[in-house]
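Undergrad: My structure is below; once you've seen it, I'll send some questions.
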Amino acid sequence: MESIFFLVVAAVAVISSILVVTCKNPINSALSLVMTFFCLATFYVMLDAPFMAATQVIVYAGAIMVLIIFVIMLLNVKAESGKRGSHAVFAGSVLGLFALFQTVWFLSKGSMTGATGTMDKAQIISVGHVELIGKALFTDFLLPFEITSVLLLAAIVGAVILAKKKI
Amino acid sequence: MDTLILGLPVAYYIAMVAKVLVAFVFVLLTVAYATYAERKIIGHMQVRLGPMRTGWHGLLQPIADGVKLFFKEEIVPTQASKFAFLIAPLVALIPAFISFAVIPFGAPVTIAGYTVPLQIAAFYDQAGQQVFDINVGVLYILAMASLGVYGVVLAGWASNSKYSLLGGLRSAAQMISYELAAGLAIIAVFMLSESLSLHKIVADQANGAWYVFKQPLAFVIFFICSLAEINRTPFDLPEAETELVSGFITEYSSMKYAMFFMAEYANMITVCAVTTTLFLGGWHGPAFLPGWFWFVAKVYFLIFCCMWIRATYPRYRYDQLMRLGWKVFLPLTLLNVVATGVWVMVFNK
């Protein structure tokens with residue numbers, strides 16, 4: 001049952017991510033990307049990580065993609081003209097094929113180490129996913145967390161200074 | 001003794017389907033009669049009668065409206081972006097309804113030996129002792145609320161009309177701004193309940209005081225920001241009819257128009273249900289009446305307040321709206337979070 005559900009969601013994810021690059025209309029591309037993010041969120045739920053799923057939807061689908069759609073609407077980007085077969089497409093497909101080859105190679109030749117992390121499903125259910133992430137974030141990873149916040153603050157201040165002529 | 005499907009008894013599935021059906025039908029009916037109640041209440045507040053002709057005191061008005069909208073001609077503007085134009089009403093409507101999956105709407109009931117919690121996305125273990133629900137329930141609601149923006153933005157863009165586009169853009173900016181303040185306002189609630197699960201938040205309020213008494217500022221800010229997020233008066237700028245015709249729904253007709261209308265009312269019910277759960281003790285109340293009755297009564301009271309506000313206040317101007325959101329509510333919520341943190345540190349530990 002779970003594997004059938006996984007296959008359905010995976011198929012939707014793959015199809016919508018293909019649509020992201022093939023759609024001519026930029027808004028439809030953006031919508032396909034939202035759909036892909038939604039499928040990823042579903043995978044997080046299936047992996048017993050509901051907090052990751054919720055943040056995935058809130059941050060990517062709810063905030064970042066809305067901003068991207070906003071920009072597309074304001075710039076009034078028209079549908080792309082039917083130009084095909086450029087050098088970029090060629091270079092991209094070569095790189096993609098190389099990555100695919102590499103993945104298949106590692107999967108078929110490599111062996112599983114069998115190493116597991118400290119978290120398991122029982123622990124996540126008993127303690128709670130949010131609690132575990134919060135604890136790790138504010139104890140072991142406090143410094144990276146603070147640095148990220150300062151970086152974001154700098155980005156906000158920078159955006160305001162760039163956008164405003166007179167402050 | 002029981003037949004198991006995927007490790008769970010059949011009764012579990014029956015209870016799940018029954019809960020979904022009951023909640024969905026109830027919300028749909030409330031949406032239909034909220035339109036009637038709004039016209040009637042505002043009518044009486046403005047010393048007129050409201051709908052009177054269809055049925056006794058206009059009671060059949062929502063059905064007549066529905067039939068009228070259903071049989072109206074479907075118009076798609078020739079220059080519209082077809083796909084986005086067609087899915088926009090659905091994108092607006094669906095998040096409004098599926099938020100209800102995590103809201104607990106009554107005390108657990110026991111039927112034929114099975115304990116069933118009255119919350120769609122929750123179930124008891126076999127012994128009927130422990131409830132499992134989504135432990136990020138509030139974040140789920142915030143996520144669904146943030147998806148509601150798409151319906152409005154897409155409708156505005158796809159209609160290929162200036163009024164629609166302006167309405168859509170305004171609405172997107174408004175929803176994003178107020179989402180932030182609403183989200184920060186309820187962080188104070190999490191700090192007190194120490195959980196994101198709505199079941200636990202309700203249980204916590206049953207043991208102590210309702211959060212509206214512990215967090216009055218958060219309650220007021222959350223309710224006002226929610227009104228702004230669902231585009232209710234006094235924040236109904238996206239469809240400010242005096243300047244934007246009807247905003248993002250200008251080009252819509254027939255059932256697609258009706259779907260936007262339903263989305264607006266469904267969102268209002270969702271917001272009132274969430275406010276009830278987070279601040280007004282959920283389904284708890286004096287024990288002589290069942291839990292679901294108290295839940296419905298509190299939600300209906302808040303819906304009445306929304307209509308009351310609509311009848312009372314004029315619309316905000318766009319710059320006033322943005323100033324209120326970013327310069328008043330956002331700093332206040334941050335202050336509230338800090339104050340709650342200090343309170344918890346000093347008195348609880």
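Starting from 1 in every chain, residues are counted up; chains themselves are A, B, ... following the order of the structure tokens, and ligands are numbered from 1 as listed.
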Write out, as JSON lines, each residue of chain B that has an atom at most 10 Å from chain A, together with the closest pair of atoms and their distance in Å to one decimal, counting only C-alpha atoms, rows going by chain and rising number.

TA:
{"residue": "B:Leu6", "atom": "CA", "partner": "A:Met1", "partner_atom": "CA", "distance": 8.2}
{"residue": "B:Ser81", "atom": "CA", "partner": "A:Asn25", "partner_atom": "CA", "distance": 9.2}
{"residue": "B:Phe83", "atom": "CA", "partner": "A:Asn28", "partner_atom": "CA", "distance": 8.1}
{"residue": "B:Ala84", "atom": "CA", "partner": "A:Asn28", "partner_atom": "CA", "distance": 7.4}
{"residue": "B:Phe132", "atom": "CA", "partner": "A:Ile125", "partner_atom": "CA", "distance": 9.7}
{"residue": "B:Ile134", "atom": "CA", "partner": "A:Pro50", "partner_atom": "CA", "distance": 7.7}
{"residue": "B:Asn135", "atom": "CA", "partner": "A:Gly128", "partner_atom": "CA", "distance": 7.5}
{"residue": "B:Val136", "atom": "CA", "partner": "A:Phe51", "partner_atom": "CA", "distance": 6.2}
{"residue": "B:Gly137", "atom": "CA", "partner": "A:Ala54", "partner_atom": "CA", "distance": 9.1}
{"residue": "B:Val138", "atom": "CA", "partner": "A:Ala54", "partner_atom": "CA", "distance": 9.4}
{"residue": "B:Leu139", "atom": "CA", "partner": "A:Ala54", "partner_atom": "CA", "distance": 5.9}
{"residue": "B:Tyr140", "atom": "CA", "partner": "A:Ala54", "partner_atom": "CA", "distance": 5.8}
{"residue": "B:Ile141", "atom": "CA", "partner": "A:Ala54", "partner_atom": "CA", "distance": 9.1}
{"residue": "B:Leu142", "atom": "CA", "partner": "A:Ile58", "partner_atom": "CA", "distance": 7.1}
{"residue": "B:Ala143", "atom": "CA", "partner": "A:Ile58", "partner_atom": "CA", "distance": 4.7}
{"residue": "B:Met144", "atom": "CA", "partner": "A:Ile58", "partner_atom": "CA", "distance": 8.1}
{"residue": "B:Ala145", "atom": "CA", "partner": "A:Gly62", "partner_atom": "CA", "distance": 8.5}
{"residue": "B:Ser146", "atom": "CA", "partner": "A:Gly62", "partner_atom": "CA", "distance": 4.8}
{"residue": "B:Leu147", "atom": "CA", "partner": "A:Gly62", "partner_atom": "CA", "distance": 5.6}
{"residue": "B:Gly148", "atom": "CA", "partner": "A:Gly62", "partner_atom": "CA", "distance": 8.7}
{"residue": "B:Val149", "atom": "CA", "partner": "A:Val66", "partner_atom": "CA", "distance": 7.8}
{"residue": "B:Tyr150", "atom": "CA", "partner": "A:Val66", "partner_atom": "CA", "distance": 7.3}
{"residue": "B:Val153", "atom": "CA", "partner": "A:Phe70", "partner_atom": "CA", "distance": 8.2}
{"residue": "B:Leu154", "atom": "CA", "partner": "A:Ile27", "partner_atom": "CA", "distance": 8.7}
{"residue": "B:Gly156", "atom": "CA", "partner": "A:Met73", "partner_atom": "CA", "distance": 9.6}
{"residue": "B:Trp157", "atom": "CA", "partner": "A:Met73", "partner_atom": "CA", "distance": 6.8}
{"residue": "B:Ala158", "atom": "CA", "partner": "A:Ile27", "partner_atom": "CA", "distance": 9.3}
{"residue": "B:Leu165", "atom": "CA", "partner": "A:Met73", "partner_atom": "CA", "distance": 8.5}
{"residue": "B:Gly168", "atom": "CA", "partner": "A:Phe70", "partner_atom": "CA", "distance": 9.7}
{"residue": "B:Leu169", "atom": "CA", "partner": "A:Phe70", "partner_atom": "CA", "distance": 7.5}
{"residue": "B:Ala172", "atom": "CA", "partner": "A:Val66", "partner_atom": "CA", "distance": 8.0}
{"residue": "B:Ala173", "atom": "CA", "partner": "A:Phe70", "partner_atom": "CA", "distance": 9.1}
{"residue": "B:Ile176", "atom": "CA", "partner": "A:Ala63", "partner_atom": "CA", "distance": 7.7}
{"residue": "B:Glu194", "atom": "CA", "partner": "A:Glu131", "partner_atom": "CA", "distance": 9.3}
{"residue": "B:Ser195", "atom": "CA", "partner": "A:Glu131", "partner_atom": "CA", "distance": 8.7}
{"residue": "B:Leu196", "atom": "CA", "partner": "A:Val130", "partner_atom": "CA", "distance": 8.3}

Undergrad: Calculated over only C-alpha atoms, which of the candidates B:Glu38, B:Glu264, B:Glu251, B:Asp319 has the smallest distance to Leu86 in chain B?

TA: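 Once distances to Leu86 in chain B are computed over only C-alpha atoms, the minimum belongs to B:Glu251.
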
Undergrad: Can you list every residue in range 64-194 of chain B that DSSP puts in alpha helix (DSSP H), as a PyMOL selection string?

TA: chain B and resi 64-71+82-98+137-158+162-193

Undergrad: Need the shell around Met119 in chain A: protein/DNA/RNA residues with any atom at most 10 Å away, counting only C-alpha atoms. Skip same-chain ones fewer than 4 positions apart. Format as a list in words?

TA: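 Once the adjacent positions are removed, what remains is Gln123, Ile124 and Leu132 of chain A.
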
Undergrad: List the spatial neighbours of Gly285 in chain B as a ChimeraX atom specification - criterion: any atom at most 10 Å away, only C-alpha atoms, same-chain residues fewer than 6 positions off excluded.

TA: /B:206,291-295,298

Undergrad: Give me, as a list in words, the residues of range 9-229 of chain B that a backbone DSSP run labels strand (DSSP E or B).

TA: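 Here is the list: Pro9, Gly106, Ala107, Pro108, Val109, Thr110, Ile111, Tyr114, Thr115, Val116, Pro117, Leu118, Ala122, Phe123, Tyr124, Val131, Phe132 and Asp133 of chain B.
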
Undergrad: Would you mind reading off the distance between CA of Trp326 in chain B and CA of Ala181 in chain B, one decimal, in Å?

TA: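 Computing it gives 8.0 Å between the two atoms.
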
Undergrad: Can you work out the spacing between CA of Ala88 in chain B and CA of Val152 in chain B in Å, to one decimal?

TA: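 Computed distance, CA of Ala88 in chain B to CA of Val152 in chain B, equals 7.0 Å.
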
Undergrad: Leaving out Ala10 in chain A and any residue of its chain fewer than 3 positions from it, which residues lie within 10 Å of it when counting only C-alpha atoms, given as a list in words?

TA: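 Once the nearby chain positions are removed, what remains is Ile4, Phe5, Phe6, Leu7, Ala13, Val14, Ile15, Ser16, Thr36, Cys39, Leu40, Thr42 and Phe43 of chain A.
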
Undergrad: Next, dump the selected residues to file, keeping only N, CA, C and O atoms, as a short mmCIF file (atom, residue, chain, number, x, y, z; two decimals), in the first residue's frame.

TA:
data_model
loop_
_atom_site.label_atom_id
_atom_site.label_comp_id
_atom_site.auth_asym_id
_atom_site.auth_seq_id
_atom_site.Cartn_x
_atom_site.Cartn_y
_atom_site.Cartn_z
N ILE A 4 2.72 1.58 -3.25
CA ILE A 4 1.86 2.05 -4.35
C ILE A 4 1.69 3.56 -4.25
O ILE A 4 1.84 4.30 -5.23
N PHE A 5 1.41 4.01 -3.01
CA PHE A 5 1.23 5.45 -2.78
C PHE A 5 2.50 6.20 -3.17
O PHE A 5 2.46 7.24 -3.84
N PHE A 6 3.65 5.63 -2.77
CA PHE A 6 4.93 6.27 -3.10
C PHE A 6 5.08 6.39 -4.61
O PHE A 6 5.46 7.44 -5.12
N LEU A 7 4.75 5.30 -5.34
CA LEU A 7 4.94 5.33 -6.79
C LEU A 7 4.05 6.38 -7.44
O LEU A 7 4.49 7.09 -8.34
N ALA A 13 5.52 13.71 -9.08
CA ALA A 13 6.68 14.58 -8.87
C ALA A 13 7.53 14.65 -10.13
O ALA A 13 7.94 15.74 -10.55
N VAL A 14 7.79 13.50 -10.74
CA VAL A 14 8.65 13.48 -11.93
C VAL A 14 7.97 14.21 -13.09
O VAL A 14 8.58 15.06 -13.75
N ILE A 15 6.66 13.91 -13.30
CA ILE A 15 5.96 14.56 -14.42
C ILE A 15 5.94 16.07 -14.22
O ILE A 15 6.22 16.84 -15.15
N SER A 16 5.63 16.52 -12.99
CA SER A 16 5.53 17.97 -12.79
C SER A 16 6.91 18.62 -12.90
O SER A 16 7.02 19.75 -13.39
N THR A 36 5.68 20.06 -7.60
CA THR A 36 6.83 19.23 -7.24
C THR A 36 7.14 19.37 -5.76
O THR A 36 7.39 18.37 -5.06
N CYS A 39 4.78 17.39 -3.72
CA CYS A 39 5.09 15.95 -3.71
C CYS A 39 6.24 15.67 -2.76
O CYS A 39 6.22 14.67 -2.03
N LEU A 40 7.25 16.55 -2.74
CA LEU A 40 8.37 16.35 -1.81
C LEU A 40 7.87 16.39 -0.37
O LEU A 40 8.30 15.59 0.46
N THR A 42 4.97 15.50 0.63
CA THR A 42 4.31 14.20 0.87
C THR A 42 5.34 13.14 1.24
O THR A 42 5.11 12.32 2.13
N PHE A 43 6.51 13.17 0.55
CA PHE A 43 7.56 12.20 0.89
C PHE A 43 8.04 12.38 2.32
O PHE A 43 8.30 11.41 3.03
#
